[in-house]
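Read through the structure below, which is laid out as structure tokens, and then see the notes.
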Amino acid sequence: MFAIGALAVVYLLLWLRNARLLAGSGLIGQRNLVGQTTTFQASDVGRLLIATVVYSKNSTPQEALYVLSPSGLVLMTLNTRAWGDEAIAKIVDATGKSLEYRDAQISSREFKAEFPGAVSWAALHPTLLGGGIVIVAFALAIGIPIAWALLSKQ
């Protein structure tokens, strides 16, 4: 339990230290929690869409700004609650595009059908991902002591 709490604190500290939105004249981008920077020219942006996507029955719907290319591919996804209105407004201003709102909630499958590449495999299959993580954790919890015992006898 302590390890999970420690990982959560490390994640939060990395996010606070490294995560940034970049918005300048004709350029937008973001820096992730490990410091990798991704930027796009404003001319690469086709649409700016704020939509509320429902990823699963058990999760809270997530409202996000989707920065889409002219061909419909997602360039960036920004959680509006995490970044706030001021940061979202800076991205909108830097692109010079008008912001579109989708009022109704949309399922992740419908959103992926409309915008290919907008929803990851993990977001479409959270139960499989969670089950896979549990299986790997059990395999490690059982396998490491067995390997340790076998190797220490030699």
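Ordering of the structure tokens sets the chain letters (A, B, ...), residue numbers begin anew at 1 in every chain, and ligands are numbered from 1 in the order given.
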Discussion item. Among range 82-151 of chain A, which ones does DSSP assign to strand (DSSP E) (computed from the backbone)? Answer as a list in words.
Written reply: Leu99, Glu100, Tyr101, Ile106 and Ser107 of chain A
Using only C-alpha atoms, find each residue of range 91-122 of chain A with at least one atom at most 12 Å away from an atom of range 75-78 of chain A; report its shortest atom-to-atom pair and that distance in Å (one decimal), sort the rows by chain and rising residue number, and return the result as JSON lines.
```
{"residue": "A:Ile91", "atom": "CA", "partner": "A:Leu78", "partner_atom": "CA", "distance": 10.1}
{"residue": "A:Val92", "atom": "CA", "partner": "A:Leu78", "partner_atom": "CA", "distance": 11.9}
{"residue": "A:Phe115", "atom": "CA", "partner": "A:Leu75", "partner_atom": "CA", "distance": 11.2}
{"residue": "A:Pro116", "atom": "CA", "partner": "A:Leu75", "partner_atom": "CA", "distance": 11.4}
{"residue": "A:Gly117", "atom": "CA", "partner": "A:Leu75", "partner_atom": "CA", "distance": 9.3}
{"residue": "A:Ala118", "atom": "CA", "partner": "A:Thr77", "partner_atom": "CA", "distance": 8.1}
{"residue": "A:Val119", "atom": "CA", "partner": "A:Thr77", "partner_atom": "CA", "distance": 9.6}
{"residue": "A:Ser120", "atom": "CA", "partner": "A:Thr77", "partner_atom": "CA", "distance": 11.3}
```
With distances taken over only C-alpha atoms, the candidate from A:Thr80, A:Asn18, A:Ser108, A:Thr37 nearest Leu65 in chain A is A:Thr80
